$ cat entry12.txt   # compact mmCIF, C-alpha atoms
# COMPACT_ATOMS: atom_id res chain seq x y z
CA MET A 61 -1.18 -15.79 7.97
CA ALA A 62 -1.10 -18.62 10.51
CA LEU A 63 2.12 -17.27 12.01
CA PHE A 64 0.57 -13.79 12.10
CA ALA A 65 -2.20 -15.21 14.30
CA VAL A 66 0.37 -16.84 16.60
CA PHE A 67 2.41 -13.65 17.04
CA ALA A 68 -0.73 -11.50 17.46
CA LEU A 69 -1.75 -13.78 20.30
CA ALA A 70 1.73 -13.48 21.81
CA ALA A 71 1.57 -9.67 21.51
CA GLY A 72 -1.60 -9.70 23.61
CA PHE A 73 0.40 -11.23 26.48
CA SER A 74 3.29 -8.73 26.20
CA GLN A 75 4.55 -7.23 29.45
CA THR A 76 6.86 -4.50 28.15
CA PRO A 77 6.80 -1.99 25.27
CA LEU A 78 9.92 -3.66 23.81
CA GLN A 79 8.12 -6.99 23.56
CA ILE A 80 5.21 -5.34 21.74
CA ASP A 81 7.60 -3.59 19.34
CA ILE A 82 9.42 -6.81 18.50
CA LEU A 83 6.24 -8.84 18.05
CA ASN A 84 4.65 -6.11 15.96
CA GLY A 85 7.72 -6.15 13.74
CA VAL A 86 7.45 -9.93 13.31
CA MET A 87 3.73 -9.57 12.55
CA GLY A 88 4.68 -7.07 9.87
CA LEU A 89 7.08 -9.61 8.36
CA MET A 90 4.35 -12.27 8.27
CA SER A 91 1.90 -9.85 6.68
CA ALA A 92 4.43 -8.68 4.10
CA ALA A 93 5.32 -12.27 3.24
CA SER A 94 1.73 -13.10 2.27
CA VAL A 95 1.03 -10.20 -0.11
CA PRO A 96 3.54 -10.74 -2.99
CA PRO A 97 2.58 -14.41 -3.45
CA ALA A 98 -1.07 -13.39 -3.57
CA GLN A 99 -0.33 -10.78 -6.22
CA GLY A 100 1.82 -13.23 -8.14
CA MET A 101 -0.90 -15.86 -8.02
CA LEU A 102 -3.51 -13.45 -9.39
CA GLY A 103 -1.09 -12.25 -12.06
CA ASN A 104 -0.35 -15.83 -13.09
CA ILE A 105 -4.02 -16.76 -13.37
CA TYR A 106 -4.98 -13.58 -15.21
CA GLN A 107 -1.99 -13.30 -17.52
CA ARG A 108 -3.77 -11.48 -20.34
CA PRO A 109 -5.05 -7.90 -20.03
CA SER A 110 -8.82 -8.02 -19.63
CA LYS A 111 -11.77 -6.34 -17.96
CA ARG A 112 -12.01 -9.31 -15.60
CA LYS A 113 -8.38 -8.77 -14.56
CA ASN A 114 -9.13 -5.09 -13.89
CA LYS A 115 -12.02 -6.06 -11.62
CA VAL A 116 -9.97 -8.71 -9.81
CA PHE A 117 -7.12 -6.34 -9.03
CA ALA A 118 -9.57 -3.60 -8.07
CA CYS A 119 -11.06 -5.99 -5.49
CA PHE A 120 -7.54 -6.82 -4.32
CA SER A 121 -6.74 -3.11 -3.94
CA ALA A 122 -9.96 -2.50 -2.00
CA GLY A 123 -8.52 -4.59 0.82
CA ASN A 124 -6.13 -1.75 1.68
CA PRO A 125 -8.66 0.89 2.86
CA MET A 126 -11.09 -1.73 4.16
CA GLY A 127 -8.43 -3.41 6.29
CA PHE A 128 -7.19 -0.10 7.67
CA VAL A 129 -10.57 1.29 8.72
CA PHE A 130 -12.40 -1.88 9.76
CA GLY A 131 -9.29 -2.99 11.64
CA SER A 132 -9.37 0.33 13.49
CA ILE A 133 -13.08 -0.05 14.26
CA PHE A 134 -12.76 -3.62 15.56
CA SER A 135 -9.69 -2.73 17.61
CA GLY A 136 -11.47 0.36 18.94
CA ILE A 137 -14.48 -1.71 20.02
CA ALA A 138 -12.28 -4.35 21.69
CA THR A 139 -10.23 -1.69 23.49
CA GLN A 140 -13.34 0.20 24.57
CA LEU A 141 -15.06 -2.89 25.96
CA PHE A 142 -11.99 -4.55 27.50
CA ASN A 143 -8.42 -3.20 27.13
CA TRP A 144 -5.63 -2.87 24.56
CA ARG A 145 -4.73 -6.56 24.85
CA ALA A 146 -8.17 -7.48 23.53
CA SER A 147 -7.38 -5.89 20.17
CA PHE A 148 -4.47 -8.32 19.65
CA PHE A 149 -6.57 -11.28 20.77
CA LEU A 150 -9.29 -10.24 18.33
CA LEU A 151 -6.72 -10.04 15.53
CA ALA A 152 -5.53 -13.55 16.37
CA ILE A 153 -9.10 -14.89 16.23
CA ILE A 154 -9.80 -13.14 12.90
CA TYR A 155 -6.64 -14.55 11.34
CA VAL A 156 -7.40 -18.07 12.55
CA VAL A 157 -10.74 -17.81 10.74
CA VAL A 158 -9.02 -16.40 7.64
CA VAL A 159 -6.49 -19.26 7.64
CA ALA A 160 -9.31 -21.80 7.86
CA ILE A 161 -11.08 -20.16 4.91
CA ALA A 162 -7.82 -19.94 2.95
CA LEU A 163 -7.29 -23.70 3.21
CA PHE A 164 -10.36 -24.17 1.01
CA SER A 165 -10.33 -21.02 -1.11
CA VAL A 166 -6.73 -20.12 -2.01
CA PRO A 167 -6.17 -21.01 -5.69
CA VAL A 168 -4.32 -24.22 -6.45
CA ASP A 169 -0.79 -23.35 -7.55
CA HIS A 170 0.49 -25.62 -10.33
CA THR A 171 3.39 -23.40 -11.38
CA GLN A 172 6.73 -25.16 -11.75
CA LYS A 173 8.84 -24.82 -8.63
CA GLU A 174 12.58 -25.24 -8.38
CA LYS A 175 13.43 -28.09 -6.03
CA MET A 176 15.37 -27.29 -2.91
CA SER A 177 19.02 -28.10 -3.57
CA VAL A 178 22.50 -26.71 -3.18
CA GLN A 179 22.32 -25.27 -6.68
CA ALA A 180 19.01 -23.56 -5.89
CA LEU A 181 20.45 -22.07 -2.70
CA LYS A 182 23.43 -20.75 -4.67
CA LYS A 183 20.99 -18.77 -6.82
CA PHE A 184 19.57 -17.06 -3.75
CA ASP A 185 20.91 -13.52 -3.50
CA VAL A 186 22.27 -13.62 0.06
CA VAL A 187 24.37 -10.46 -0.33
CA GLY A 188 21.45 -8.51 -1.77
CA THR A 189 19.18 -9.68 1.06
CA ILE A 190 21.65 -8.61 3.74
CA LEU A 191 22.25 -5.24 2.09
CA THR A 192 18.59 -4.39 1.67
CA VAL A 193 17.48 -5.58 5.13
CA ALA A 194 20.36 -3.85 6.91
CA GLY A 195 20.10 -0.70 4.79
CA ILE A 196 16.36 -0.23 5.17
CA GLY A 197 16.53 -1.18 8.85
CA LEU A 198 19.27 1.34 9.70
CA PHE A 199 17.76 4.10 7.56
CA SER A 200 14.27 3.58 9.01
CA GLY A 201 15.67 3.41 12.53
CA ALA A 202 17.43 6.74 12.08
CA LEU A 203 14.23 8.37 10.83
CA SER A 204 12.28 6.99 13.77
CA LEU A 205 14.85 8.01 16.38
CA GLY A 206 15.82 11.40 14.98
CA SER A 207 13.09 13.56 16.48
CA ASP A 208 13.35 12.02 20.00
CA ALA A 209 17.16 11.80 20.24
CA PRO A 210 18.95 13.98 22.85
CA GLN A 211 20.34 16.38 20.22
CA GLY A 212 17.64 15.75 17.63
CA TRP A 213 18.89 15.04 14.12
CA LYS A 214 22.37 16.21 15.15
CA THR A 215 22.78 13.29 17.57
CA PRO A 216 25.87 11.32 16.44
CA TYR A 217 24.27 7.86 16.45
CA VAL A 218 21.32 9.14 14.40
CA LEU A 219 23.67 10.55 11.76
CA VAL A 220 25.71 7.34 11.71
CA LEU A 221 22.60 5.19 11.26
CA LEU A 222 21.27 7.49 8.54
CA ILE A 223 24.53 7.54 6.56
CA LEU A 224 25.19 3.81 6.94
CA GLY A 225 21.62 2.98 5.92
CA ALA A 226 21.83 5.18 2.82
CA LEU A 227 25.20 3.70 1.84
CA LEU A 228 23.92 0.13 2.22
CA ILE A 229 20.84 0.91 0.10
CA LEU A 230 23.05 2.40 -2.62
CA SER A 231 25.33 -0.63 -2.36
CA PHE A 232 22.28 -2.87 -2.82
CA VAL A 233 21.35 -1.04 -6.04
CA TYR A 234 24.92 -1.37 -7.34
CA TRP A 235 25.10 -5.07 -6.39
CA GLU A 236 21.80 -5.88 -8.08
CA ARG A 237 23.13 -4.51 -11.38
CA TRP A 238 25.88 -7.15 -11.49
CA CYS A 239 24.40 -10.07 -9.58
CA ALA A 240 23.62 -13.12 -11.76
CA HIS A 241 20.38 -13.85 -9.88
CA PRO A 242 19.26 -10.51 -8.38
CA LEU A 243 16.41 -10.06 -5.93
CA VAL A 244 15.23 -7.09 -8.00
CA PRO A 245 16.09 -7.11 -11.71
CA MET A 246 17.33 -3.59 -12.42
CA SER A 247 16.32 -3.93 -16.08
CA ILE A 248 12.68 -3.21 -15.24
CA TRP A 249 13.59 0.37 -14.30
CA ARG A 250 14.58 1.07 -17.91
CA ASP A 251 10.90 1.26 -18.74
CA ARG A 252 10.18 4.99 -18.43
CA ASP A 253 6.50 4.52 -17.62
CA PHE A 254 7.31 1.88 -14.99
CA SER A 255 9.73 4.28 -13.27
CA LEU A 256 7.29 7.18 -13.48
CA VAL A 257 4.36 5.14 -12.16
CA ILE A 258 6.41 3.96 -9.18
CA SER A 259 7.64 7.54 -8.58
CA VAL A 260 4.12 9.00 -8.57
CA LEU A 261 2.92 6.19 -6.31
CA LEU A 262 5.93 6.72 -4.03
CA LEU A 263 5.12 10.44 -3.66
CA GLY A 264 1.51 9.63 -2.84
CA PHE A 265 2.42 7.03 -0.23
CA LEU A 266 4.91 9.42 1.35
CA ALA A 267 1.78 11.37 2.29
CA PHE A 268 -1.41 9.28 2.37
CA PRO A 269 -0.66 6.91 5.32
CA ILE A 270 0.96 9.84 7.12
CA MET A 271 -2.21 11.91 6.84
CA ALA A 272 -4.27 9.00 8.16
CA PHE A 273 -1.99 8.69 11.21
CA TRP A 274 -1.93 12.40 12.08
CA ILE A 275 -5.64 13.03 11.57
CA ALA A 276 -6.42 10.11 13.89
CA LEU A 277 -3.96 11.44 16.50
CA TYR A 278 -5.45 14.94 16.11
CA MET A 279 -8.93 13.58 16.84
CA GLN A 280 -7.64 11.86 19.97
CA LYS A 281 -5.40 14.61 21.34
CA VAL A 282 -7.18 17.81 20.28
CA ARG A 283 -10.82 16.74 19.98
CA HIS A 284 -10.49 14.08 22.72
CA TYR A 285 -12.33 11.35 20.82
CA SER A 286 -12.16 7.76 22.04
CA ALA A 287 -10.47 5.11 19.90
CA LEU A 288 -13.87 3.85 18.75
CA LEU A 289 -15.13 7.34 17.89
CA VAL A 290 -11.96 8.02 15.89
CA ALA A 291 -12.54 4.84 13.91
CA VAL A 292 -16.14 5.86 13.19
CA HIS A 293 -15.01 9.28 11.95
CA MET A 294 -12.51 7.52 9.66
CA LEU A 295 -15.23 5.28 8.22
CA PRO A 296 -15.66 7.41 5.03
CA MET A 297 -12.23 6.18 3.95
CA ALA A 298 -13.40 2.55 3.94
CA ILE A 299 -16.72 3.21 2.22
CA GLY A 300 -15.13 5.60 -0.26
CA GLY A 301 -12.30 3.15 -0.88
CA ILE A 302 -14.71 0.39 -1.83
CA VAL A 303 -16.66 2.65 -4.21
CA VAL A 304 -13.52 4.12 -5.83
CA ASN A 305 -12.01 0.68 -6.41
CA ILE A 306 -15.24 -0.49 -8.08
CA VAL A 307 -15.19 2.59 -10.32
CA ALA A 308 -11.51 2.04 -11.12
CA GLY A 309 -12.14 -1.58 -12.09
CA LEU A 310 -14.95 -0.51 -14.42
CA VAL A 311 -13.20 2.39 -16.18
CA MET A 312 -9.54 1.34 -16.47
CA HIS A 313 -10.16 -0.18 -19.92
CA ARG A 314 -12.11 2.89 -21.09
CA VAL A 315 -10.34 5.92 -19.61
CA SER A 316 -6.69 6.84 -20.06
CA ASN A 317 -4.80 5.57 -17.03
CA THR A 318 -2.52 8.57 -17.28
CA LEU A 319 -5.61 10.70 -16.63
CA LEU A 320 -6.56 8.50 -13.67
CA MET A 321 -3.08 8.94 -12.19
CA GLY A 322 -3.39 12.71 -12.67
CA VAL A 323 -6.83 12.76 -11.04
CA GLY A 324 -5.43 10.73 -8.16
CA ALA A 325 -2.48 13.07 -7.60
CA THR A 326 -4.75 16.14 -7.75
CA ALA A 327 -7.24 14.57 -5.34
CA TYR A 328 -4.37 13.93 -2.92
CA VAL A 329 -3.34 17.59 -2.94
CA ALA A 330 -6.92 18.84 -2.51
CA SER A 331 -7.43 16.43 0.41
CA PHE A 332 -4.29 17.43 2.27
CA LEU A 333 -4.94 21.15 1.74
CA LEU A 334 -8.42 20.77 3.23
CA MET A 335 -6.86 19.02 6.22
CA GLY A 336 -4.17 21.65 6.62
CA LEU A 337 -6.43 24.70 6.33
CA GLN A 338 -8.97 23.69 8.98
CA HIS A 339 -9.02 24.96 12.56
CA ALA A 340 -9.52 22.99 15.75
CA ASP A 341 -13.17 24.12 15.88
CA SER A 342 -13.85 23.64 12.14
CA SER A 343 -16.77 21.49 11.02
CA TYR A 344 -15.96 17.82 10.41
CA TRP A 345 -18.39 17.75 7.48
CA ALA A 346 -16.89 20.82 5.81
CA PHE A 347 -13.22 19.81 6.02
CA THR A 348 -12.33 16.34 7.32
CA PHE A 349 -15.16 14.40 5.66
CA PRO A 350 -14.50 15.57 2.07
CA ALA A 351 -10.76 15.37 2.70
CA LEU A 352 -11.00 11.69 3.67
CA LEU A 353 -13.04 10.91 0.55
CA LEU A 354 -10.60 12.76 -1.73
CA ALA A 355 -7.65 10.98 -0.09
CA VAL A 356 -8.99 7.55 -1.03
CA VAL A 357 -9.70 8.75 -4.56
CA GLY A 358 -6.01 9.57 -4.83
CA ALA A 359 -4.79 6.41 -3.13
CA ASP A 360 -7.03 3.94 -4.94
CA PHE A 361 -6.79 5.39 -8.44
CA GLU A 362 -2.99 5.45 -8.21
CA PHE A 363 -2.80 2.07 -6.47
CA CYS A 364 -5.03 0.32 -9.02
CA VAL A 365 -3.27 1.77 -12.07
CA ALA A 366 0.21 1.18 -10.66
CA ASN A 367 -0.67 -2.33 -9.47
CA MET A 368 -1.94 -3.36 -12.91
CA TYR A 369 1.01 -1.80 -14.72
CA VAL A 370 3.65 -3.22 -12.37
CA MET A 371 2.16 -6.71 -12.58
CA SER A 372 2.28 -6.46 -16.38
CA SER A 373 5.94 -5.41 -16.46
CA LEU A 374 7.40 -8.83 -15.67
CA PRO A 375 6.70 -12.30 -17.11
CA PRO A 376 4.36 -14.64 -15.16
CA ALA A 377 7.26 -16.45 -13.49
CA GLN A 378 8.32 -13.17 -11.87
CA GLN A 379 4.91 -11.81 -10.89
CA SER A 380 5.72 -12.27 -7.20
CA VAL A 381 8.92 -10.26 -7.70
CA ALA A 382 6.83 -7.43 -9.15
CA GLY A 383 4.48 -7.68 -6.19
CA GLY A 384 7.43 -7.61 -3.81
CA ILE A 385 8.83 -4.47 -5.46
CA PHE A 386 5.43 -2.82 -5.30
CA GLN A 387 4.92 -3.62 -1.61
CA THR A 388 8.49 -2.68 -0.66
CA VAL A 389 8.18 0.75 -2.24
CA THR A 390 4.88 1.53 -0.52
CA LYS A 391 5.97 0.27 2.90
CA LEU A 392 9.31 2.05 2.75
CA CYS A 393 7.47 5.27 1.90
CA VAL A 394 5.42 4.97 5.09
CA THR A 395 8.58 4.70 7.19
CA ILE A 396 10.31 7.63 5.52
CA GLY A 397 7.17 9.77 5.51
CA MET A 398 6.56 9.15 9.21
CA GLY A 399 10.12 10.15 10.05
CA VAL A 400 9.95 13.39 8.08
CA SER A 401 6.45 14.34 9.23
CA THR A 402 7.37 13.66 12.87
CA ALA A 403 10.32 16.03 12.51
CA VAL A 404 7.97 18.68 11.05
CA PHE A 405 5.44 18.16 13.85
CA ASP A 406 8.06 18.37 16.60
CA ALA A 407 9.63 21.51 15.12
CA VAL A 408 6.29 23.35 14.97
CA GLU A 409 5.11 22.07 18.36
CA ALA A 410 8.35 23.23 20.01
CA ARG A 411 7.49 26.85 19.14
CA GLY A 412 4.31 26.67 21.22
CA LEU A 413 0.96 28.18 20.30
CA ALA A 414 1.14 30.84 17.61
CA THR A 415 0.43 34.38 18.83
CA SER A 416 -0.52 35.69 15.40
CA GLY A 417 -1.36 34.56 11.91
CA TYR A 418 -3.76 31.96 10.54
CA TYR A 419 -3.24 29.47 13.41
CA ARG A 420 -3.28 32.00 16.26
CA ASP A 421 -3.87 30.20 19.59
CA ASP A 422 -4.87 27.08 17.64
CA PRO A 423 -3.55 23.70 18.88
CA ILE A 424 -4.03 22.22 15.40
CA GLU A 425 -0.99 24.08 13.99
CA PRO A 426 1.60 21.24 14.32
CA TYR A 427 -0.91 18.79 12.84
CA ALA A 428 -1.69 21.22 10.04
CA ALA A 429 2.02 21.47 9.30
CA THR A 430 2.17 17.72 8.67
CA PHE A 431 -0.86 17.93 6.36
CA LEU A 432 0.73 20.77 4.38
CA TYR A 433 3.92 18.71 4.13
CA CYS A 434 1.78 15.92 2.67
CA ALA A 435 0.23 18.36 0.18
CA GLY A 436 3.65 19.55 -0.95
CA ILE A 437 5.00 16.03 -1.46
CA ALA A 438 1.89 14.86 -3.34
CA ALA A 439 1.93 17.96 -5.55
CA VAL A 440 5.26 16.88 -7.07
CA GLY A 441 3.46 13.90 -8.59
CA ILE A 442 1.08 16.05 -10.68
CA PRO A 443 3.65 17.27 -13.27
CA LEU A 444 5.19 13.78 -13.42
CA CYS A 445 1.83 12.42 -14.62
CA ALA A 446 2.15 14.60 -17.73
CA PHE A 447 5.07 12.42 -18.89
CA LEU A 448 3.20 9.13 -18.47
CA ARG A 449 2.06 7.30 -21.61
CA ILE A 450 0.02 4.42 -20.25
CA GLY A 451 -3.29 4.69 -22.08
CA THR A 452 -5.97 2.19 -21.06
CA GLN A 453 -5.40 -1.19 -19.43
CA GLY A 454 -7.56 -4.27 -19.64
CA HIS A 455 -8.06 -5.00 -23.34
CA ALA A 456 -7.63 -8.70 -24.04
CA GLY A 457 -5.35 -9.05 -27.03
CA ALA A 458 -4.49 -11.98 -29.27
CA GLU A 459 -0.89 -11.74 -28.24
CA GLY A 460 -1.70 -12.62 -24.64
CA GLU A 461 -0.60 -15.99 -23.36
CA LYS A 462 -3.40 -18.53 -23.45
CA SER A 463 -2.19 -20.95 -20.86
CA ALA A 464 -1.00 -20.84 -17.30
CA THR A 465 -0.57 -23.08 -14.34
CA GLY A 466 -2.74 -21.28 -11.84
CA SER A 467 -6.25 -22.09 -10.75
CA GLU A 468 -9.14 -19.83 -9.96
CA SER A 469 -10.61 -22.07 -7.28
CA GLY A 470 -9.37 -23.50 -4.03
CA VAL A 471 -8.99 -27.08 -2.92
CA GLY A 472 -12.67 -27.25 -2.12
CA GLY A 473 -13.80 -26.78 -5.72
CA GLY A 474 -13.01 -27.79 -9.26
CA ASN A 475 -9.80 -26.70 -10.93
CA ALA A 476 -10.55 -23.72 -13.14
CA SER A 477 -7.27 -23.15 -14.93
CA ALA A 478 -6.09 -19.88 -16.38
CA GLU A 479 -6.99 -21.21 -19.82
CA SER A 480 -10.63 -21.48 -18.78
CA VAL A 481 -10.44 -17.96 -17.38
CA VAL A 482 -9.15 -16.77 -20.75
CA MET A 483 -11.97 -18.60 -22.52
CA ARG A 484 -14.54 -16.88 -20.33
CA GLU A 485 -12.89 -13.53 -21.05
CA GLU A 486 -13.07 -14.25 -24.79
CA ASP A 487 -16.75 -15.18 -24.43
CA GLU A 488 -17.37 -11.89 -22.65
CA ALA A 489 -15.54 -9.98 -25.39
CA ARG A 490 -17.55 -11.81 -28.10
CA GLY A 491 -20.77 -11.02 -26.25
CA ASP A 492 -19.84 -7.35 -25.98
CA GLY A 493 -19.05 -7.24 -29.71
CA GLU A 494 -22.33 -8.91 -30.65
CA ARG A 495 -24.29 -6.48 -28.48
CA GLU A 496 -22.52 -3.50 -30.09
CA LYS A 497 -23.26 -4.88 -33.58
CA LEU A 498 -26.91 -5.39 -32.67
CA LYS A 499 -27.13 -1.77 -31.49
CA GLU A 500 -25.66 -0.57 -34.79
CA ASP A 501 -28.15 -2.70 -36.78
CA VAL A 502 -31.05 -1.29 -34.78
$ encode --input "entry12.txt" --output "C-alpha cells"
Amino acid sequence: MALFAVFALAAGFSQTPLQIDILNGVMGLMSAASVPPAQGMLGNIYQRPSKRKNKVFACFSAGNPMGFVFGSIFSGIATQLFNWRASFFLLAIIYVVVVAIALFSVPVDHTQKEKMSVQALKKFDVVGTILTVAGIGLFSGALSLGSDAPQGWKTPYVLVLLILGALLILSFVYWERWCAHPLVPMSIWRDRDFSLVISVLLLGFLAFPIMAFWIALYMQKVRHYSALLVAVHMLPMAIGGIVVNIVAGLVMHRVSNTLLMGVGATAYVASFLLMGLQHADSSYWAFTFPALLLAVVGADFEFCVANMYVMSSLPPAQQSVAGGIFQTVTKLCVTIGMGVSTAVFDAVEARGLATSGYYRDDPIEPYAATFLYCAGIAAVGIPLCAFLRIGTQGHAGAEGEKSATGSESGVGGGNASAESVVMREEDEARGDGEREKLKEDV
C-alpha cells in the first residue's frame, strides 16, 4: 500500500499517456499484491466455519463496491475542483493515511515462515510465473488492441498476440500439473463445487465490471454528465453493496448458498436487461437505478459465497494461494470482458444510428449492445447453479481447528489469537443454544 501511494503520486506528475499507463499498471500490481495476504490472514485467524467468519468476510467483500463508487466520487470532486492530476494526488494522500492506520491495526502474523535461502528459492515456481505473466499479458494485450488495430481483429500482430497468449496460458496449466511446488495446485479443481463456484463467479465478473464501465461512459457521452455527476448517479451501487453484504453475512449460515448463487445470477441478468432495454431519454429511476441495485445483489451474493467457499478449500497455510486464485480469476475476467464488449460496441457503432427497429435514431444502441452481451454471459451462470451442492456456510463444527497463529488485533493492542476468537464463537453458539432452549421452555 505504501508503494501504491508512491506510484499514485508519480502518476499525478505524468507528462505523457504512456507514463500514466505504465504507472497505472504498477499501481495495479501493488493493489493486487495486498489483497491475497489480507484474505489469507483473515482465513488463518478464522479457520473454523462460523457466523463471525461470515460477517468478517462480508465486511471484506463490501470494500469492493464501496471502493469503486467512493473512489469515483472523490476523484470526480478532485477533477471538478482542480484537474485530473488532483485525483492521483488525492489517492496518494488517502493511501498514506491508510498505511499509517495499517501500522497499528493490521493483525499480528505469527504464522511460520520459511527462511530465505537457496533451497527456498528453488521451491519458487519460476517457470510457472513466467508462463502466467507472459500468457495473461499477451492475451490481455491482444484483447485491448483488437478493436483499434488497423485491420481490427484480423490484424496480424493481434492474432499473433492472441494465439501466443492462449498457448502460454495452456502451457501454464500443463506445467502446474507436474511441477513439484506449483503456484496453483491443480488438485483443488477436482472439487466439483469449487470449479462450479469459480465458473459462475467468472461469468458474473465477465459482465458486472463491464456494465459499470459502459453505463458510466454512456452517462458522460450521451447524457453529458460531469465526472462528479456520474459518480453521484452510481452511488446506489455503493449503498446497495453495503446493505447486500450485511444481509449476506447474516443469512449465509441459514439459507442455502446454492440458492444465493442462483439469486445472484438471476439478479445479474435482470439488471443487464434493464440497462439494455432503456432508451437515451428513459427515466433514470425506472431503468438505471433498479439496474444498479440488482447488479450489486448479483455481485455481492456471488462474491461472498464464492469467497467463503474458496477460502475453505485449502488448508490455512495456503489461504493466500486461495485468495490469489480468487483475485486472479476476477481480474482476468475484467480484461477479457472489456476486450469482448469493446469489440461489440465498435461493431454496432460502426453501423451508425439505426433507421428502424427498437433503437431507431437512438445513440444508446452501441451501449445497449454491451449490456445485452453482459446479460447473455451472466445468463449462462443460472443453469450452472442448479448443479451446485454447497448448502449453508458458517456453522462452527467440532472438527474445526482450534488453534492458529494469527491475531485479531494490530500492534497497538493486545494479541487476540485465533484460539480466543474460536472461544468467543463457541460462547456465542452456547448463548444461542441457551436462548433457543429458553424459548422452548416458555
$ closest_residue --input "entry12.txt" --among "A:Val389, A:Leu261, A:Val404, A:Ala160" --to "Cys445 (chain A)" --atoms "all atoms listed in the file"
A:Leu261
$ closest_residue --input "entry12.txt" --among "A:Gly225, A:Pro423, A:Pro443, A:Gly322" --to "Gln338 (chain A)" --atoms "all atoms listed in the file"
A:Pro423
$ closest_residue --input "entry12.txt" --among "A:Gly300, A:Gly85, A:Pro245, A:Gly72" --to "Gly197 (chain A)" --atoms "only C-alpha atoms"
A:Gly85
$ closest_atom_pairs --input "entry12.txt" --of "region 340-406 of chain A" --to "region 207-216 of chain A" --cutoff "10 Å" --atoms "only C-alpha atoms" --output "Markdown table"
| residue | atom | partner | partner_atom | distance |
| --- | --- | --- | --- | --- |
| A:Gly399 | CA | A:Ser207 | CA | 7.9 |
| A:Val400 | CA | A:Ser207 | CA | 9.0 |
| A:Ser401 | CA | A:Ser207 | CA | 9.9 |
| A:Thr402 | CA | A:Ser207 | CA | 6.8 |
| A:Ala403 | CA | A:Ser207 | CA | 5.4 |
| A:Val404 | CA | A:Ser207 | CA | 9.1 |
| A:Phe405 | CA | A:Ser207 | CA | 9.3 |
| A:Asp406 | CA | A:Ser207 | CA | 7.0 |
$ residues_around --input "entry12.txt" --residues "Pro426 (chain A)" --least-positions-apart "2" --cutoff "6 Å" --atoms "only C-alpha atoms" --output "list in words"
Phe405, Val408, Glu409, Ile424, Ala428 and Ala429 of chain A
$ closest_residue --input "entry12.txt" --among "A:Val116, A:Ala70, A:Ala355, A:Leu392" --to "Val193 (chain A)" --atoms "all atoms listed in the file"
A:Leu392
$ closest_residue --input "entry12.txt" --among "A:Gly309, A:Gly127, A:Ser331, A:Ala346" --to "Arg112 (chain A)" --atoms "all atoms listed in the file"
A:Gly309
$ closest_residue --input "entry12.txt" --among "A:Met126, A:Met368, A:Leu432, A:Ala194" --to "Tyr106 (chain A)" --atoms "all atoms listed in the file"
A:Met368
$ atom_distance --input "entry12.txt" --atom1 "CA of Asp253 (chain A)" --atom2 "CA of Ala446 (chain A)"
11.0 Å
$ atom_distance --input "entry12.txt" --atom1 "CA of Val282 (chain A)" --atom2 "CA of Phe431 (chain A)"
15.3 Å
$ atom_distance --input "entry12.txt" --atom1 "CA of Pro269 (chain A)" --atom2 "CA of Ser121 (chain A)"
14.9 Å
$ decode --input "entry12.txt" --residues "region 394-406 of chain A" --atoms "N, CA and C atoms" --output "short mmCIF file (atom, residue, chain, number, x, y, z; two decimals), in the first residue's frame"
data_model
loop_
_atom_site.label_atom_id
_atom_site.label_comp_id
_atom_site.auth_asym_id
_atom_site.auth_seq_id
_atom_site.Cartn_x
_atom_site.Cartn_y
_atom_site.Cartn_z
N VAL A 394 -12.23 -9.23 -15.98
CA VAL A 394 -12.43 -7.83 -16.35
C VAL A 394 -11.71 -7.53 -17.67
N THR A 395 -10.48 -8.01 -17.79
CA THR A 395 -9.70 -7.76 -19.01
C THR A 395 -10.36 -8.39 -20.23
N ILE A 396 -10.74 -9.66 -20.09
CA ILE A 396 -11.37 -10.35 -21.22
C ILE A 396 -12.72 -9.73 -21.56
N GLY A 397 -13.52 -9.45 -20.53
CA GLY A 397 -14.83 -8.85 -20.75
C GLY A 397 -14.74 -7.50 -21.44
N MET A 398 -13.76 -6.68 -21.04
CA MET A 398 -13.60 -5.37 -21.67
C MET A 398 -13.23 -5.51 -23.14
N GLY A 399 -12.36 -6.47 -23.44
CA GLY A 399 -11.98 -6.68 -24.83
C GLY A 399 -13.15 -7.09 -25.70
N VAL A 400 -13.94 -8.04 -25.21
CA VAL A 400 -15.09 -8.53 -25.98
C VAL A 400 -16.15 -7.45 -26.11
N SER A 401 -16.47 -6.78 -25.01
CA SER A 401 -17.52 -5.75 -25.05
C SER A 401 -17.12 -4.57 -25.93
N THR A 402 -15.83 -4.23 -25.94
CA THR A 402 -15.36 -3.16 -26.81
C THR A 402 -15.54 -3.53 -28.27
N ALA A 403 -15.28 -4.80 -28.60
CA ALA A 403 -15.48 -5.27 -29.97
C ALA A 403 -16.97 -5.18 -30.35
N VAL A 404 -17.85 -5.53 -29.42
CA VAL A 404 -19.30 -5.45 -29.65
C VAL A 404 -19.70 -3.99 -29.86
N PHE A 405 -19.22 -3.12 -28.99
CA PHE A 405 -19.56 -1.69 -29.08
C PHE A 405 -19.11 -1.11 -30.42
N ASP A 406 -17.86 -1.39 -30.80
CA ASP A 406 -17.32 -0.83 -32.04
C ASP A 406 -18.08 -1.34 -33.26
#
